[in-house]
>>> print(open('coords.cif').read())   # mmCIF, C-alpha atoms
data_work
loop_
_atom_site.label_atom_id
_atom_site.label_comp_id
_atom_site.auth_asym_id
_atom_site.auth_seq_id
_atom_site.Cartn_x
_atom_site.Cartn_y
_atom_site.Cartn_z
CA MET A 3 8.98 59.19 -42.79
CA THR A 4 11.85 57.50 -40.99
CA ASP A 5 12.11 57.40 -37.23
CA SER A 6 14.77 60.07 -37.01
CA LEU A 7 12.87 62.39 -39.34
CA GLY A 8 9.74 61.77 -37.34
CA ALA A 9 11.52 62.47 -34.07
CA ARG A 10 13.01 65.70 -35.44
CA PHE A 11 9.63 66.76 -36.75
CA HIS A 12 8.10 66.16 -33.33
CA ASP A 13 10.87 68.04 -31.58
CA ALA A 14 10.35 70.98 -33.92
CA TYR A 15 6.58 70.86 -33.46
CA ALA A 16 7.02 70.77 -29.66
CA ALA A 17 9.38 73.77 -29.86
CA SER A 18 6.82 75.71 -31.92
CA LYS A 19 4.45 75.55 -28.92
CA LEU A 20 1.50 75.53 -31.33
CA THR A 21 -1.70 73.70 -30.48
CA VAL A 22 -2.99 71.24 -33.07
CA SER A 23 -5.67 73.77 -34.10
CA GLU A 24 -3.21 76.63 -34.43
CA LEU A 25 -0.83 74.51 -36.52
CA TRP A 26 -3.68 73.26 -38.68
CA ILE A 27 -4.86 76.82 -39.43
CA ARG A 28 -1.35 77.87 -40.43
CA TYR A 29 -1.04 74.77 -42.57
CA VAL A 30 -4.37 75.47 -44.27
CA ALA A 31 -3.31 79.09 -44.87
CA ILE A 32 -0.25 77.96 -46.84
CA GLY A 33 -2.26 75.49 -48.90
CA GLY A 34 -2.54 72.34 -46.77
CA GLU A 35 -5.34 69.97 -47.66
CA ALA A 36 -5.63 67.48 -44.79
CA SER A 37 -8.37 67.98 -42.18
CA GLU A 38 -7.66 69.05 -38.60
CA LEU A 39 -8.56 65.53 -37.48
CA GLU A 40 -6.07 64.00 -39.93
CA VAL A 41 -3.34 66.38 -38.81
CA ASP A 42 -4.10 65.56 -35.18
CA ALA A 43 -3.91 61.83 -35.95
CA TYR A 44 -0.66 62.36 -37.88
CA LEU A 45 0.93 64.27 -35.00
CA ASN A 46 -0.02 61.41 -32.71
CA GLY A 47 1.40 58.82 -35.04
CA ALA A 48 -2.01 57.29 -35.68
CA MET A 49 -2.12 58.08 -39.40
CA ALA A 50 0.22 58.67 -42.34
CA LEU A 51 0.15 61.78 -44.53
CA PRO A 52 1.42 62.06 -48.11
CA ALA A 53 5.00 63.38 -48.19
CA PHE A 54 3.86 66.64 -49.79
CA GLN A 55 1.31 67.30 -47.04
CA HIS A 56 3.97 66.49 -44.46
CA ASP A 57 6.28 69.04 -46.06
CA MET A 58 3.59 71.73 -45.88
CA LEU A 59 3.02 70.89 -42.23
CA ALA A 60 6.78 71.04 -41.64
CA HIS A 61 6.94 74.41 -43.36
CA ALA A 62 4.11 75.74 -41.18
CA VAL A 63 6.08 74.62 -38.10
CA ASN A 64 9.27 76.20 -39.44
CA GLU A 65 7.59 79.52 -40.17
CA ARG A 66 6.42 79.59 -36.56
CA LEU A 67 9.91 78.75 -35.33
CA ASP A 68 11.27 81.63 -37.44
CA GLU A 69 8.71 83.96 -35.89
CA ILE A 70 9.71 83.16 -32.34
CA ALA A 71 13.45 82.78 -32.97
CA PRO A 72 15.91 85.54 -32.02
CA PRO A 73 17.28 87.49 -35.02
CA LYS A 74 20.12 85.89 -37.02
CA ALA A 75 23.29 87.63 -38.21
CA PRO A 76 23.33 88.04 -42.01
CA TYR A 77 26.19 86.81 -44.27
CA SER A 78 27.78 89.13 -46.82
CA ASP A 79 26.36 87.06 -49.67
CA ALA A 80 22.95 86.54 -48.05
CA PHE A 81 19.91 86.63 -50.26
CA THR A 82 18.09 89.89 -49.88
CA PRO A 83 14.34 89.64 -49.48
CA LEU A 84 13.71 90.55 -53.12
CA ASP A 85 16.27 88.29 -54.82
CA PHE A 86 13.67 85.64 -55.34
CA LEU A 87 11.72 87.98 -57.63
CA GLU A 88 14.78 88.39 -59.85
CA GLU A 89 15.21 84.66 -59.94
CA TYR A 90 11.57 84.19 -60.77
CA LEU A 91 11.72 86.71 -63.62
CA TRP A 92 15.04 85.61 -65.16
CA ASP A 93 15.97 82.01 -64.52
CA GLY A 94 12.94 80.42 -66.03
CA GLY A 95 14.59 79.13 -69.20
CA HIS A 96 12.66 81.62 -71.33
CA ASP A 97 14.13 84.25 -73.63
CA GLU A 98 12.00 87.11 -72.39
CA PRO A 99 11.07 88.00 -68.87
CA ALA A 100 7.34 87.93 -68.27
CA MET B 16 -23.44 79.63 -14.76
CA GLN B 17 -20.81 78.96 -17.37
CA PRO B 18 -19.99 82.23 -19.19
CA ARG B 19 -20.13 81.91 -22.93
CA GLN B 20 -16.81 81.43 -24.67
CA PRO B 21 -16.20 84.70 -26.59
CA PHE B 22 -13.30 83.36 -28.65
CA ARG B 23 -13.80 80.92 -31.49
CA SER B 24 -10.88 79.45 -33.36
CA VAL B 25 -10.70 79.68 -37.12
CA GLY B 26 -11.07 75.91 -37.16
CA ASP B 27 -14.39 76.15 -35.33
CA GLU B 28 -15.50 78.88 -37.69
CA LEU B 29 -14.64 76.88 -40.78
CA ALA B 30 -16.51 73.92 -39.36
CA ALA B 31 -19.51 76.06 -38.45
CA VAL B 32 -19.59 77.78 -41.84
CA GLN B 33 -19.45 74.37 -43.45
CA ALA B 34 -22.31 73.18 -41.26
CA ARG B 35 -24.43 76.22 -42.11
CA VAL B 36 -23.78 75.86 -45.83
CA SER B 37 -24.78 72.20 -45.60
CA GLY B 38 -28.04 73.24 -43.95
CA ILE B 39 -27.28 71.44 -40.69
CA LEU B 40 -27.82 74.61 -38.67
CA LEU B 41 -31.21 76.20 -38.19
CA THR B 42 -32.23 79.59 -39.48
CA GLU B 43 -33.52 82.26 -37.10
CA GLN B 44 -36.98 81.76 -38.53
CA THR B 45 -36.91 78.07 -37.70
CA MET B 46 -35.79 78.96 -34.18
CA ALA B 47 -38.60 81.49 -33.70
CA THR B 48 -41.16 78.90 -34.82
CA ALA B 49 -39.65 76.22 -32.59
CA LEU B 50 -39.58 78.52 -29.55
CA GLN B 51 -43.21 79.54 -30.13
CA LEU B 52 -44.16 75.88 -30.21
CA ILE B 53 -42.27 75.25 -26.97
CA THR B 54 -43.77 78.22 -25.10
CA SER B 55 -47.31 77.43 -26.23
CA LEU B 56 -46.82 73.80 -25.18
CA ALA B 57 -45.42 74.92 -21.82
CA SER B 58 -48.28 77.33 -21.28
CA ASP B 59 -50.90 74.68 -22.12
CA THR B 60 -49.22 71.78 -20.30
CA LEU B 61 -48.53 73.59 -17.03
CA GLU B 62 -52.08 74.04 -15.79
CA GLY B 63 -53.14 77.41 -14.54
CA SER B 64 -50.57 79.25 -16.63
CA LEU B 65 -51.54 82.58 -18.10
CA GLY B 66 -48.66 82.69 -20.47
CA SER B 67 -45.12 81.63 -21.22
CA GLY B 68 -42.02 83.11 -22.83
CA VAL B 69 -38.31 82.70 -23.43
CA THR B 70 -35.60 85.04 -22.17
CA VAL B 71 -32.50 84.85 -24.36
CA VAL B 72 -29.35 86.44 -22.94
CA GLY B 73 -27.10 87.73 -25.71
CA VAL B 74 -23.30 87.56 -25.85
CA ASP B 75 -23.26 91.15 -24.55
CA GLY B 76 -25.21 90.00 -21.47
CA GLN B 77 -28.38 91.81 -22.55
CA PRO B 78 -31.56 89.78 -22.05
CA THR B 79 -34.39 89.88 -24.59
CA THR B 80 -37.71 88.09 -24.78
CA SER B 81 -38.63 85.71 -27.59
CA ALA B 82 -41.79 83.75 -28.23
CA ALA B 83 -44.02 85.34 -25.57
CA THR B 84 -47.48 83.75 -25.76
CA GLU B 85 -49.18 86.85 -24.23
CA PRO B 86 -48.40 90.57 -24.24
CA THR B 87 -48.41 90.43 -20.41
CA VAL B 88 -45.45 88.05 -20.52
CA ASP B 89 -43.51 90.54 -22.57
CA VAL B 90 -44.41 93.37 -20.15
CA LEU B 91 -43.32 91.39 -17.08
CA ASP B 92 -40.09 90.31 -18.77
CA ARG B 93 -39.18 93.85 -19.77
CA LEU B 94 -39.78 94.92 -16.20
CA GLN B 95 -37.24 92.30 -15.07
CA TYR B 96 -34.65 93.59 -17.53
CA GLU B 97 -35.26 97.22 -16.54
CA LEU B 98 -35.06 96.53 -12.81
CA GLY B 99 -32.23 94.00 -13.18
CA GLU B 100 -34.11 91.58 -10.92
CA GLY B 101 -36.65 88.81 -11.36
CA PRO B 102 -37.14 85.04 -11.55
CA CYS B 103 -35.79 84.57 -15.10
CA LEU B 104 -32.59 86.50 -14.43
CA THR B 105 -32.09 84.46 -11.25
CA ALA B 106 -32.80 81.17 -13.06
CA TRP B 107 -30.33 82.09 -15.80
CA ALA B 108 -27.59 83.36 -13.47
CA SER B 109 -27.88 80.53 -10.93
CA SER B 110 -28.60 77.71 -13.41
CA THR B 111 -31.42 76.49 -11.20
CA VAL B 112 -35.19 76.23 -11.53
CA VAL B 113 -36.73 79.19 -9.71
CA LYS B 114 -40.25 79.21 -8.31
CA SER B 115 -42.36 81.74 -6.46
CA ASN B 116 -45.65 80.59 -4.92
CA ASP B 117 -46.92 84.04 -4.08
CA LEU B 118 -45.61 87.18 -5.69
CA SER B 119 -47.53 89.39 -3.24
CA SER B 120 -45.02 88.35 -0.56
CA GLU B 121 -41.82 87.53 -2.43
CA PRO B 122 -38.61 88.85 -0.80
CA ARG B 123 -36.12 87.79 -3.52
CA TRP B 124 -37.21 90.40 -6.09
CA PRO B 125 -39.19 92.92 -4.00
CA GLU B 126 -39.73 95.64 -6.61
CA TRP B 127 -40.45 93.37 -9.56
CA SER B 128 -42.77 91.10 -7.49
CA ARG B 129 -44.77 94.04 -6.17
CA ARG B 130 -45.38 95.36 -9.68
CA ALA B 131 -46.12 91.89 -11.08
CA ALA B 132 -48.68 91.37 -8.29
CA ASP B 133 -50.17 94.80 -9.10
CA ILE B 134 -51.10 93.61 -12.59
CA GLY B 135 -52.58 90.38 -11.22
CA MET B 136 -49.72 87.88 -11.38
CA ARG B 137 -49.32 85.59 -8.35
CA SER B 138 -46.99 82.66 -9.24
CA VAL B 139 -44.06 82.18 -11.54
CA LEU B 140 -41.82 79.29 -12.52
CA SER B 141 -38.61 79.76 -14.52
CA ALA B 142 -36.06 77.19 -15.74
CA PRO B 143 -32.58 77.93 -17.15
CA MET B 144 -31.83 77.06 -20.79
CA GLU B 145 -28.58 75.14 -20.80
CA ALA B 146 -26.84 73.47 -23.71
CA GLY B 147 -23.24 72.86 -24.66
CA GLY B 148 -22.00 73.92 -21.22
CA SER B 149 -23.47 77.41 -21.59
CA SER B 150 -26.49 79.11 -20.12
CA TRP B 151 -28.51 80.80 -22.87
CA GLY B 152 -31.37 82.31 -20.86
CA ALA B 153 -34.54 80.98 -19.25
CA VAL B 154 -38.03 79.74 -20.07
CA LYS B 155 -40.84 80.85 -17.77
CA VAL B 156 -44.56 80.49 -17.10
CA TYR B 157 -46.71 83.02 -15.24
CA SER B 158 -49.97 82.34 -13.38
CA ALA B 159 -52.68 84.54 -11.87
CA THR B 160 -53.27 82.14 -8.95
CA PRO B 161 -50.88 81.46 -6.05
CA ASP B 162 -49.28 78.01 -5.62
CA SER B 163 -49.87 77.12 -9.26
CA TYR B 164 -46.74 75.07 -9.70
CA ASP B 165 -45.43 71.91 -8.04
CA GLN B 166 -42.53 69.50 -8.43
CA ARG B 167 -44.03 68.01 -11.58
CA SER B 168 -44.30 71.48 -13.14
CA GLU B 169 -40.63 72.08 -12.37
CA ASP B 170 -39.63 68.83 -14.10
CA LEU B 171 -41.74 69.65 -17.14
CA LEU B 172 -40.46 73.19 -17.52
CA ARG B 173 -36.87 72.03 -17.10
CA ARG B 174 -37.39 69.67 -20.02
CA PHE B 175 -38.98 72.37 -22.17
CA ALA B 176 -36.05 74.67 -21.34
CA GLY B 177 -33.56 72.00 -22.37
CA GLN B 178 -35.30 71.69 -25.72
CA ALA B 179 -35.38 75.47 -26.23
CA ALA B 180 -31.67 75.75 -25.34
CA ILE B 181 -30.70 73.41 -28.16
CA PHE B 182 -32.46 75.64 -30.68
CA VAL B 183 -30.98 78.86 -29.32
CA ALA B 184 -27.45 77.44 -29.14
CA ASN B 185 -27.73 76.16 -32.69
CA VAL B 186 -28.82 79.52 -34.12
CA HIS B 187 -26.16 81.34 -32.13
CA THR B 188 -23.49 79.23 -33.86
CA ALA B 189 -24.98 80.02 -37.25
CA GLN B 190 -25.10 83.76 -36.55
CA SER B 191 -21.59 84.10 -35.22
CA THR B 192 -20.16 82.43 -38.30
CA ARG B 193 -21.75 85.11 -40.44
CA GLN B 194 -19.33 87.62 -38.95
CA MET B 195 -16.12 86.34 -40.47
CA SER B 196 -13.29 87.04 -38.07
CA ASP B 197 -10.02 88.68 -39.06
CA GLY B 198 -8.24 85.40 -38.43
CA LEU B 199 -10.32 83.51 -40.94
CA ARG B 200 -10.12 86.34 -43.47
CA GLU B 201 -6.32 86.35 -43.17
CA THR B 202 -6.12 82.57 -43.55
CA LEU B 203 -8.19 82.60 -46.71
CA ARG B 204 -6.35 85.61 -48.12
CA ASN B 205 -2.93 83.99 -47.61
CA ARG B 206 -4.11 80.74 -49.09
CA GLY B 207 -5.40 82.60 -52.13
CA LEU B 208 -2.15 84.55 -52.60
CA ILE B 209 -0.06 81.39 -52.34
CA ALA B 210 -2.27 79.57 -54.85
CA THR B 211 -1.95 82.51 -57.26
CA ALA B 212 1.84 82.67 -56.91
CA ARG B 213 1.97 78.92 -57.39
CA GLY B 214 0.10 79.27 -60.67
CA MET B 215 2.46 82.03 -61.75
CA VAL B 216 5.49 79.80 -61.12
CA MET B 217 3.83 76.92 -62.96
CA ALA B 218 3.24 79.08 -66.03
CA LYS B 219 6.57 80.86 -65.95
CA LYS B 220 8.80 77.89 -65.16
CA GLY B 221 6.80 75.11 -66.72
CA LEU B 222 6.69 73.25 -63.40
CA ASP B 223 3.94 70.94 -62.22
CA TYR B 224 1.62 71.75 -59.31
CA GLU B 225 3.77 70.23 -56.59
CA ARG B 226 7.13 71.36 -57.97
CA ALA B 227 5.88 74.92 -58.32
CA TYR B 228 4.98 74.88 -54.64
CA ARG B 229 8.38 73.52 -53.70
CA GLN B 230 9.97 76.31 -55.74
CA LEU B 231 7.95 78.86 -53.75
CA VAL B 232 9.09 77.30 -50.49
CA LEU B 233 12.66 77.52 -51.74
CA TYR B 234 12.22 81.24 -52.46
CA ALA B 235 10.75 81.74 -49.01
CA ARG B 236 13.63 79.93 -47.32
CA GLN B 237 16.23 81.87 -49.29
CA ALA B 238 14.56 85.19 -48.57
CA ARG B 239 13.82 84.16 -44.97
CA LEU B 240 10.29 85.39 -45.47
CA PRO B 241 6.96 83.71 -44.74
CA LEU B 242 5.51 81.96 -47.77
CA SER B 243 2.56 84.35 -47.80
CA ASP B 244 4.91 87.39 -48.01
CA VAL B 245 6.78 85.86 -50.94
CA ALA B 246 3.48 85.13 -52.66
CA GLU B 247 2.19 88.63 -51.99
CA ARG B 248 5.31 90.23 -53.51
CA MET B 249 5.17 87.96 -56.54
CA VAL B 250 1.51 88.70 -57.15
CA ALA B 251 2.19 92.44 -56.70
CA SER B 252 5.09 92.28 -59.20
CA GLN B 253 2.69 91.22 -61.91
CA GLY B 254 1.55 94.14 -64.05
CA GLN B 255 4.37 96.40 -62.73
CA PRO B 256 6.72 97.99 -65.26
CA ASN B 257 9.50 95.48 -65.95
CA PRO B 258 12.90 96.81 -64.80
CA HIS B 259 14.68 94.46 -67.24
CA GLN B 260 12.88 95.58 -70.35
CA ASP B 261 15.90 97.39 -71.87
CA GLN B 262 18.58 94.85 -70.97
#
>>> encode(input="coords.cif", output="C-alpha cells")
Amino acid sequence: MTDSLGARFHDAYAASKLTVSELWIRYVAIGGEASELEVDAYLNGAMALPAFQHDMLAHAVNERLDEIAPPKAPYSDAFTPLDFLEEYLWDGGHDEPA
Amino acid sequence: MQPRQPFRSVGDELAAVQARVSGILLTEQTMATALQLITSLASDTLEGSLGSGVTVVGVDGQPTTSAATEPTVDVLDRLQYELGEGPCLTAWASSTVVKSNDLSSEPRWPEWSRRAADIGMRSVLSAPMEAGGSSWGAVKVYSATPDSYDQRSEDLLRRFAGQAAIFVANVHTAQSTRQMSDGLRETLRNRGLIATARGMVMAKKGLDYERAYRQLVLYARQARLPLSDVAERMVASQGQPNPHQDQ
C-alpha cells in the first residue's frame, strides 16, 4: 500500500481504539486468515499483507468506526437495509431468481 | 499474591484450544500422576516427614487438596479450609515459604495448630506454588517431631512447589478452554455465516472466492450493516418463499 493509504489506515485504526487482539478477533470473525502475530507486525509496518487480507482488516476497522460513530442522516434515495437481498436475488445475470 | 486473571481474550482461547488439540497441554490424569510423584518425593526427601500434599486454590478461591500421601494430610488440610487458617493458606496468600517449628505453641493459627498438635503433628513446612505470575496454591510437608525442617528443607520444598505449579497452571489452561466463551462462539458463528453467504454469492453470481467476498462487503456498505448481519439475512433468505415467484 502507498504511504498515504498506509497513513490513512493507521489513522483509522487509531480512531477505532481497538487493541491488536480485539482487531484481530474481529478480522478473524469476518474471514481473515492472517495470524495475530502477522497482523501485529503489519500494524507496526514490519510485514506486508496481501491486498485482500488488508481489505478485510480495513473492513474490520471500519465496522468498529461505524459502531462508535454518531448516527448519520439518511438520504431520500438511501439503500434500505434489505435492498441488498433484492440485488442478490435479481441482478445475478440469471433468468430465474434462486 | 497475584490474583488470577479471570478474563481471557478470544485470541488466548483460540491459542489454548489449538495447544490442547495438538497435545501440548497435559490432561488432568497426567497432572494427578505428576503431583503424586512430587508429593511422594517431597515426603521422602525432607527427612522426618510424615506426609505431604498439594493445596490447589480454584478460580473461585476455594482450596482443595490433591495428591495427599497420607490420609492424615488430607484431614489436616480440610481442617485448614474449614477454619480458614493454617500454614498452606498463609503460604498461598503471602507467596512466602511458611514454617512452624512447634505446633503446640504456634500463635499464627491458634485453633488449627492446637488441633493438629492433638493428633500428633508438631512441625509443618509449606511453600507457595507460583507460575506464570499467579499463585496456584501450596505444597506442604507435615512432621510428628518438632524442629524437623531447616533452611535446606525450605529450599527443597520451594523447588518442588515450583515444579508442581507448572503442572497445575498447565491443566488450568486446558480446562478453561473447554468452556467456550460467548465471545469465541460469536466469532466462529459470524465467520461461518459469512463463509456461507460468500458461497451463496459465488454460486448465484458466478463470482470467484475473492470477488464474492468483495460483493458481500459492497452489500454491507450499501446497507450500512455489519458484514455478519448481511450474511445472516442472506442465509436466512434461503429456503423462504420467493416473493418474486409470480413476476
>>> closest_atom_pairs(input="coords.cif", of="chain B", to="chain A", cutoff="6 Å", atoms="all atoms listed in the file", output="tab-separated table")
residue	atom	partner	partner_atom	distance
B:Thr202	CA	A:Ala31	CA	4.7
B:Asn205	CA	A:Ala31	CA	5.6
B:Arg206	CA	A:Ala31	CA	4.6
B:Lys220	CA	A:Gly94	CA	4.9
B:Tyr234	CA	A:Phe86	CA	5.5
B:Ala238	CA	A:Pro83	CA	4.5
>>> atom_distance(input="coords.cif", atom1="CA of Met249 (chain B)", atom2="CA of Leu67 (chain A)")
23.6 Å
>>> closest_residue(input="coords.cif", among="A:Ile70, A:Asp79, A:Leu25, A:Ala14", to="Asp42 (chain A)", atoms="all atoms listed in the file")
A:Leu25
>>> residues_around(input="coords.cif", residues="Val113 (chain B)", least_positions_apart="4", cutoff="8 Å", atoms="only C-alpha atoms", output="count of residues only")
7
>>> atom_distance(input="coords.cif", atom1="CA of Val183 (chain B)", atom2="CA of Val71 (chain B)")
7.9 Å
